[in-house]
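Text of the file upload24.pdb, holding PDB, C-alpha atoms:
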```
ATOM      1  CA  MET A  11       0.000   0.000   0.000
ATOM      2  CA  TYR A  12       1.224   3.505  -0.793
ATOM      3  CA  TYR A  13      -0.026   6.673   0.897
ATOM      4  CA  ARG A  14       0.986  10.225   0.046
ATOM      5  CA  VAL A  15       0.193  13.616   1.525
ATOM      6  CA  SER A  16       1.431  16.841  -0.025
ATOM      7  CA  ARG A  17       2.122  18.855   3.091
ATOM      8  CA  GLU A  18       3.753  18.042   6.382
ATOM      9  CA  LYS A  19       0.827  19.552   8.326
ATOM     10  CA  GLN A  20      -1.548  17.078   6.659
ATOM     11  CA  ALA A  21       0.607  14.202   7.832
ATOM     12  CA  GLN A  22       0.672  15.594  11.357
ATOM     13  CA  SER A  23      -3.091  16.122  11.516
ATOM     14  CA  GLY A  24      -3.951  12.823   9.853
ATOM     15  CA  LEU A  25      -6.257  14.592   7.394
ATOM     16  CA  GLY A  26      -5.823  13.202   3.932
ATOM     17  CA  LEU A  27      -3.660  10.341   5.142
ATOM     18  CA  GLU A  28      -6.441   8.930   7.306
ATOM     19  CA  ALA A  29      -8.935   9.158   4.456
ATOM     20  CA  GLN A  30      -6.563   7.313   2.135
ATOM     21  CA  ALA A  31      -5.916   4.602   4.713
ATOM     22  CA  THR A  32      -9.648   4.159   5.282
ATOM     23  CA  ALA A  33     -10.338   3.779   1.556
ATOM     24  CA  VAL A  34      -7.507   1.305   0.992
ATOM     25  CA  THR A  35      -8.323  -0.734   4.113
ATOM     26  CA  ALA A  36     -11.964  -1.062   3.068
ATOM     27  CA  PHE A  37     -10.896  -2.168  -0.422
ATOM     28  CA  VAL A  38      -8.504  -4.766   0.997
ATOM     29  CA  GLN A  39     -11.186  -6.188   3.270
ATOM     30  CA  GLN A  40     -13.796  -6.306   0.496
ATOM     31  CA  ARG A  41     -11.443  -8.119  -1.891
ATOM     32  CA  GLY A  42     -10.003 -10.457   0.736
ATOM     33  CA  LEU A  43      -6.461  -9.276   0.047
ATOM     34  CA  GLU A  44      -3.427  -9.492   2.314
ATOM     35  CA  VAL A  45      -1.318  -6.424   3.060
ATOM     36  CA  VAL A  46       2.402  -7.065   2.628
ATOM     37  CA  SER A  47       3.657  -3.623   3.606
ATOM     38  CA  ALA A  48       2.667   0.056   3.682
ATOM     39  CA  TYR A  49       4.671   3.089   2.579
ATOM     40  CA  THR A  50       3.839   6.699   3.444
ATOM     41  CA  GLU A  51       5.238   9.690   1.556
ATOM     42  CA  VAL A  52       5.194  13.180   3.037
ATOM     43  CA  GLU A  53       6.000  15.863   0.477
ATOM     44  CA  THR A  54       6.835  19.466   1.288
ATOM     45  CA  GLY A  55       7.013  22.374  -1.088
ATOM     46  CA  THR A  56      10.773  21.885  -1.480
ATOM     47  CA  GLY A  57      10.825  18.111  -1.698
ATOM     48  CA  LYS A  58       8.307  17.218  -4.365
ATOM     49  CA  LYS A  59      10.921  15.905  -6.770
ATOM     50  CA  ARG A  60      12.786  13.824  -4.223
ATOM     51  CA  ARG A  61      10.392  11.016  -3.421
ATOM     52  CA  THR A  62      11.803   7.938  -1.774
ATOM     53  CA  GLU A  63       8.899   5.880  -0.460
ATOM     54  CA  ILE A  64       7.203   5.417  -3.834
ATOM     55  CA  PHE A  65      10.346   3.833  -5.252
ATOM     56  CA  LYS A  66      10.658   1.577  -2.214
ATOM     57  CA  ALA A  67       7.028   0.542  -2.702
ATOM     58  CA  ILE A  68       7.590  -0.170  -6.408
ATOM     59  CA  GLU A  69      10.745  -2.196  -5.713
ATOM     60  CA  HIS A  70       8.940  -4.174  -3.008
ATOM     61  CA  ALA A  71       6.016  -4.886  -5.325
ATOM     62  CA  GLN A  72       8.416  -6.089  -8.031
ATOM     63  CA  ARG A  73      10.283  -8.323  -5.604
ATOM     64  CA  GLU A  74       7.146  -9.875  -4.117
ATOM     65  CA  GLY A  75       5.089  -9.933  -7.307
ATOM     66  CA  ALA A  76       2.510  -7.923  -5.367
ATOM     67  CA  ILE A  77      -0.050  -5.332  -6.454
ATOM     68  CA  LEU A  78       0.626  -1.730  -5.464
ATOM     69  CA  LEU A  79      -2.542  -0.226  -3.959
ATOM     70  CA  ILE A  80      -3.226   3.504  -3.784
ATOM     71  CA  ALA A  81      -6.358   5.349  -2.698
ATOM     72  CA  LYS A  82      -6.585   7.740  -5.657
ATOM     73  CA  LEU A  83      -4.689   8.073  -8.901
ATOM     74  CA  ASP A  84      -3.798  11.712  -8.225
ATOM     75  CA  ARG A  85      -2.096  10.601  -5.012
ATOM     76  CA  LEU A  86       0.347   8.598  -7.109
ATOM     77  CA  SER A  87       1.465  11.403  -9.346
ATOM     78  CA  ARG A  88       0.230  14.251 -11.488
ATOM     79  CA  ASN A  89       3.220  13.786 -13.757
ATOM     80  CA  LEU A  90       2.353  11.918 -16.945
ATOM     81  CA  HIS A  91       5.918  10.707 -17.517
ATOM     82  CA  PHE A  92       6.043   9.226 -14.022
ATOM     83  CA  VAL A  93       2.804   7.290 -14.502
ATOM     84  CA  SER A  94       3.859   6.118 -17.964
ATOM     85  CA  GLY A  95       7.174   4.917 -16.581
ATOM     86  CA  LEU A  96       5.400   3.023 -13.832
ATOM     87  CA  LEU A  97       3.123   1.352 -16.356
ATOM     88  CA  GLU A  98       6.112   0.321 -18.439
ATOM     89  CA  SER A  99       7.945  -1.083 -15.393
ATOM     90  CA  GLY A 100       5.527  -3.989 -15.301
ATOM     91  CA  VAL A 101       4.452  -3.391 -11.701
ATOM     92  CA  LYS A 102       0.759  -4.091 -11.233
ATOM     93  CA  PHE A 103      -1.016  -1.315  -9.380
ATOM     94  CA  THR A 104      -4.612  -0.484  -8.606
ATOM     95  CA  ALA A 105      -6.204   2.853  -7.769
ATOM     96  CA  VAL A 106      -8.931   2.113  -5.215
ATOM     97  CA  ASP A 107     -11.165   4.864  -6.603
ATOM     98  CA  MET A 108     -11.083   3.246 -10.073
ATOM     99  CA  PRO A 109     -10.100  -0.429  -9.633
ATOM    100  CA  GLU A 110     -11.330  -1.599 -13.036
ATOM    101  CA  ALA A 111      -9.359   1.008 -14.985
ATOM    102  CA  ASN A 112      -6.988  -0.260 -17.658
ATOM    103  CA  HIS A 113      -3.636   1.236 -18.650
ATOM    104  CA  LEU A 114      -5.161   3.541 -21.269
ATOM    105  CA  THR A 115      -7.695   4.931 -18.789
ATOM    106  CA  ILE A 116      -4.973   5.563 -16.226
ATOM    107  CA  GLN A 117      -2.807   7.371 -18.775
ATOM    108  CA  LEU A 118      -5.736   9.558 -19.801
ATOM    109  CA  MET A 119      -6.492  10.374 -16.171
ATOM    110  CA  ALA A 120      -2.852  11.273 -15.600
ATOM    111  CA  VAL A 121      -2.914  13.559 -18.652
ATOM    112  CA  MET A 122      -5.991  15.351 -17.312
ATOM    113  CA  ALA A 123      -4.543  15.623 -13.790
ATOM    114  CA  GLU A 124      -1.290  17.082 -15.095
ATOM    115  CA  HIS A 125      -3.207  19.524 -17.304
ATOM    116  CA  GLU A 126      -5.374  20.661 -14.398
ATOM    117  CA  ALA A 127      -2.336  21.142 -12.138
ATOM    118  CA  LYS A 128      -0.668  23.349 -14.762
ATOM    119  CA  ALA A 129      -3.919  25.272 -15.345
ATOM    120  CA  ILE A 130      -4.310  25.986 -11.617
ATOM    121  CA  SER A 131      -0.712  27.198 -11.432
ATOM    122  CA  THR A 132      -1.236  29.492 -14.432
ATOM    123  CA  ARG A 133      -4.486  30.947 -13.056
ATOM    124  CA  THR A 134      -2.881  31.578  -9.673
ATOM    125  CA  LYS A 135       0.093  33.415 -11.204
ATOM    126  CA  GLU A 136      -2.190  35.527 -13.409
ATOM    127  CA  ALA A 137      -4.417  36.451 -10.458
ATOM    128  CA  LEU A 138      -1.405  37.484  -8.368
ATOM    129  CA  GLN A 139       0.023  39.576 -11.209
ATOM    130  CA  ALA A 140      -3.353  41.294 -11.723
ATOM    131  CA  ALA A 141      -3.679  42.032  -8.023
ATOM    132  CA  LYS A 142      -0.154  43.419  -7.865
ATOM    133  CA  ALA A 143      -0.839  45.625 -10.901
ATOM    134  CA  HIS A 144      -3.818  47.134  -9.058
ATOM    135  CA  GLY A 145      -1.703  47.973  -6.045
ATOM    136  CA  VAL A 146      -2.823  45.108  -3.836
ATOM    137  CA  ARG A 147      -0.217  44.222  -1.238
ATOM    138  CA  LEU A 148       0.396  40.498  -1.307
ATOM    139  CA  GLY A 149       1.284  38.331   1.633
ATOM    140  CA  SER A 150       0.140  38.071   5.213
ATOM    141  CA  GLN A 151      -0.025  41.239   7.294
ATOM    142  CA  VAL A 152       1.041  39.181  10.306
ATOM    143  CA  PRO A 153       4.584  37.780  10.071
ATOM    144  CA  MET A 154       4.666  33.995  10.484
ATOM    145  CA  THR A 155       7.198  33.944  13.293
ATOM    146  CA  GLU A 156       8.214  30.750  15.027
ATOM    147  CA  ALA A 157       6.103  31.833  17.997
ATOM    148  CA  VAL A 158       3.016  32.061  15.753
ATOM    149  CA  ARG A 159       3.732  28.646  14.266
ATOM    150  CA  ALA A 160       4.286  27.153  17.719
ATOM    151  CA  LYS A 161       0.953  28.548  18.889
ATOM    152  CA  GLY A 162      -0.763  26.987  15.889
ATOM    153  CA  ARG A 163       0.820  23.595  16.563
ATOM    154  CA  GLU A 164      -0.203  23.831  20.204
ATOM    155  CA  LYS A 165      -3.820  24.532  19.231
ATOM    156  CA  VAL A 166      -3.912  21.531  16.874
ATOM    157  CA  SER A 167      -2.433  19.337  19.592
ATOM    158  CA  GLN A 168      -5.012  20.517  22.149
ATOM    159  CA  GLU A 169      -7.885  19.866  19.750
ATOM    160  CA  PHE A 170      -6.567  16.376  19.039
ATOM    161  CA  HIS A 171      -6.220  15.663  22.772
ATOM    162  CA  GLU A 172      -9.743  16.860  23.534
ATOM    163  CA  ALA A 173     -11.200  14.759  20.705
ATOM    164  CA  TYR A 174      -9.548  11.492  21.737
ATOM    165  CA  LYS A 175      -8.900  11.683  25.470
ATOM    166  CA  ARG A 176     -11.966   9.519  26.165
ATOM    167  CA  HIS A 177     -10.653   6.835  23.816
ATOM    168  CA  TYR A 178      -7.069   6.735  25.071
ATOM    169  CA  GLY A 179      -7.565   4.594  28.184
ATOM    170  CA  TYR A 180      -9.596   2.000  26.291
ATOM    171  CA  VAL A 181      -7.163   1.898  23.381
ATOM    172  CA  GLN A 182      -4.157   1.629  25.700
ATOM    173  CA  LEU A 183      -5.809  -1.225  27.607
ATOM    174  CA  MET A 184      -6.388  -3.166  24.387
ATOM    175  CA  ARG A 185      -2.807  -2.534  23.298
ATOM    176  CA  GLU A 186      -1.421  -3.779  26.611
ATOM    177  CA  SER A 187      -3.538  -6.909  26.280
ATOM    178  CA  GLY A 188      -1.635  -7.775  23.117
ATOM    179  CA  LEU A 189      -4.000  -6.606  20.372
ATOM    180  CA  SER A 190      -2.406  -5.261  17.207
ATOM    181  CA  LEU A 191      -3.129  -1.745  15.979
ATOM    182  CA  ARG A 192      -5.287  -3.153  13.206
ATOM    183  CA  ALA A 193      -7.235  -5.354  15.640
ATOM    184  CA  ILE A 194      -7.856  -2.368  17.910
ATOM    185  CA  ALA A 195      -9.144  -0.310  14.980
ATOM    186  CA  SER A 196     -11.418  -3.175  13.942
ATOM    187  CA  ARG A 197     -12.885  -3.472  17.438
ATOM    188  CA  LEU A 198     -13.487   0.268  17.716
ATOM    189  CA  ASN A 199     -15.278   0.264  14.370
ATOM    190  CA  GLY A 200     -17.300  -2.791  15.340
ATOM    191  CA  GLU A 201     -18.451  -1.065  18.518
ATOM    192  CA  GLY A 202     -19.556   2.009  16.592
ATOM    193  CA  HIS A 203     -16.729   4.363  17.540
ATOM    194  CA  ARG A 204     -15.679   6.910  14.931
ATOM    195  CA  THR A 205     -12.832   9.382  14.569
ATOM    196  CA  ARG A 206     -13.380  13.099  15.024
ATOM    197  CA  THR A 207     -13.958  13.434  11.267
ATOM    198  CA  GLY A 208     -16.646  10.744  11.336
ATOM    199  CA  ALA A 209     -14.467   8.184   9.533
ATOM    200  CA  GLU A 210     -13.704   4.629  10.580
ATOM    201  CA  TRP A 211     -10.644   3.913  12.675
ATOM    202  CA  THR A 212      -7.453   2.655  11.056
ATOM    203  CA  ALA A 213      -4.205   1.284  12.437
ATOM    204  CA  VAL A 214      -2.589   4.635  11.601
ATOM    205  CA  GLN A 215      -5.133   6.549  13.675
ATOM    206  CA  VAL A 216      -4.812   4.163  16.620
ATOM    207  CA  SER A 217      -1.034   4.613  16.543
ATOM    208  CA  ARG A 218      -1.381   8.398  16.545
ATOM    209  CA  VAL A 219      -3.721   8.364  19.535
ATOM    210  CA  LEU A 220      -1.349   6.128  21.503
ATOM    211  CA  SER A 221       1.717   8.223  20.719
ATOM    212  CA  LYS A 222       0.218  11.706  21.086
ATOM    213  CA  LEU A 223      -1.823  11.101  24.249
ATOM    214  CA  ALA A 224       0.738   9.014  26.102
ATOM    215  CA  PRO A 225       1.747  10.624  29.405
ATOM    216  CA  ALA A 226       5.169  12.283  29.278
ATOM    217  CA  SER A 227       7.825  10.146  30.921
ATOM    218  CA  SER A 228       9.429  11.609  33.991
TER     219      SER A 228
END
```
Could you write out this file's structure as structure tokens?
Amino acid sequence: MYYRVSREKQAQSGLGLEAQATAVTAFVQQRGLEVVSAYTEVETGTGKKRRTEIFKAIEHAQREGAILLIAKLDRLSRNLHFVSGLLESGVKFTAVDMPEANHLTIQLMAVMAEHEAKAISTRTKEALQAAKAHGVRLGSQVPMTEAVRAKGREKVSQEFHEAYKRHYGYVQLMRESGLSLRAIASRLNGEGHRTRTGAEWTAVQVSRVLSKLAPASS
């Protein structure tokens, strides 16, 4: 399985990543598949061309003769040459949002995704140039100092703690009893528990709750 989020803050909040994990997990369960391994890519604005996890996932799939699962095609890449190269590598992969798609369909989707990405970039640049020409001052009026960023991170952490503090004790008890992260997520879902976004629990979410709400060691 391969997950990708485009910004570090999405990886920290679980938004995007959790939705992908939920979609892929449901697909795996419906098809009766077995997960060999999972790879997660976190891309920042300066690191988009230096992926590492996708190539590890591809190499692993080649070695095991496994199918590479992704939640959505646009999570794999919006670069047509990258998708074409993957298709030519012989690695079998399936986009959960379009599992019956053939190679031609996937190439067409990649073409459209790349076109849309370029169009958005062009429209954004044109809008900024027009605004600047009309004397609009661009940028935030409040400098993003480290103190401001730290306050934002603290708020996100507090919101996460408040949302899951009632689950922590129960989750920790199950973990100490020997249940795997996946088994804990399955039990929570079976009992009707949901995450703060209303989605089903995943092993990734269980792990985040355990790590973020664990009491600080003295």
Taking 4 positions as the minimum chain separation for residues in the same chain, which residues sit within 9 Å of Ser196 in chain A when counting only C-alpha atoms? Answer as a PDB file with C-alpha atoms, in the coordinates of the input.
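And here's out30.pdb as it stands now:
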```pdb
ATOM      1  CA  LEU A 191      -3.129  -1.745  15.979  1.00  0.00           C
ATOM      2  CA  ARG A 192      -5.287  -3.153  13.206  1.00  0.00           C
ATOM      3  CA  GLY A 200     -17.300  -2.791  15.340  1.00  0.00           C
ATOM      4  CA  GLU A 201     -18.451  -1.065  18.518  1.00  0.00           C
ATOM      5  CA  GLU A 210     -13.704   4.629  10.580  1.00  0.00           C
ATOM      6  CA  TRP A 211     -10.644   3.913  12.675  1.00  0.00           C
ATOM      7  CA  THR A 212      -7.453   2.655  11.056  1.00  0.00           C
ATOM      8  CA  ALA A 213      -4.205   1.284  12.437  1.00  0.00           C
TER       9      ALA A 213
END
```
For CA of Ala81 in chain A and CA of Glu172 in chain A, the interatomic separation in Å (one decimal) = 28.8 Å
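Interatomic distance, CA of Glu51 in chain A to CA of Val34 in chain A: 15.3 Å.
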Point-to-point distance from CA of Leu223 in chain A to CA of Val52 in chain A, Å rounded to tenths =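 Taking CA of Leu223 in chain A and CA of Val52 in chain A, their separation equals 22.4 Å.
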Which residue of A:Val181, A:Leu198, A:Ala67, A:Ala76 approaches Arg218 in chain A most closely, using all atoms listed in the file = A:Val181
Can you list, as an mmCIF file with C-alpha atoms, in the frame of the given file, every protein, DNA or RNA residue that comes within 10 Å of Val38 in chain A when you count all atoms listed in the file, leaving out same-chain residues fewer than 5 positions away?
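The resulting file, result.cif, is reproduced below:
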```
data_model
loop_
_atom_site.group_PDB
_atom_site.id
_atom_site.type_symbol
_atom_site.label_atom_id
_atom_site.label_comp_id
_atom_site.auth_asym_id
_atom_site.auth_seq_id
_atom_site.Cartn_x
_atom_site.Cartn_y
_atom_site.Cartn_z
ATOM 1 C CA MET A 11 0.000 0.000 0.000
ATOM 2 C CA THR A 32 -9.648 4.159 5.282
ATOM 3 C CA ALA A 33 -10.338 3.779 1.556
ATOM 4 C CA LEU A 43 -6.461 -9.276 0.047
ATOM 5 C CA GLU A 44 -3.427 -9.492 2.314
ATOM 6 C CA VAL A 45 -1.318 -6.424 3.060
ATOM 7 C CA LEU A 79 -2.542 -0.226 -3.959
ATOM 8 C CA VAL A 106 -8.931 2.113 -5.215
#
```
Find the spatial neighbours of range 101-103 of chain A, counting all atoms listed in the file, within a cut-off of 8 Å - ignore same-chain residues fewer than 5 positions away - and output them as an MDAnalysis selection string.
-> chainID A and resid 68 71:72 75:80 96
Choose the residue, out of A:His171, A:Val93, A:Val46, A:Ala157, that has the smallest atom-to-atom separation from Arg73 in chain A; count only C-alpha atoms.
-> A:Val46
Pick the closest to Glu28 in chain A from A:Thr104, A:Ser167, A:Thr50, A:Gln182: which is it, counting only C-alpha atoms?
-> A:Thr50
Nearest residue to Asp107 in chain A from the set A:Gln30, A:Gln139, A:Ser190, A:Thr205 (distances using all atoms listed in the file) = A:Gln30
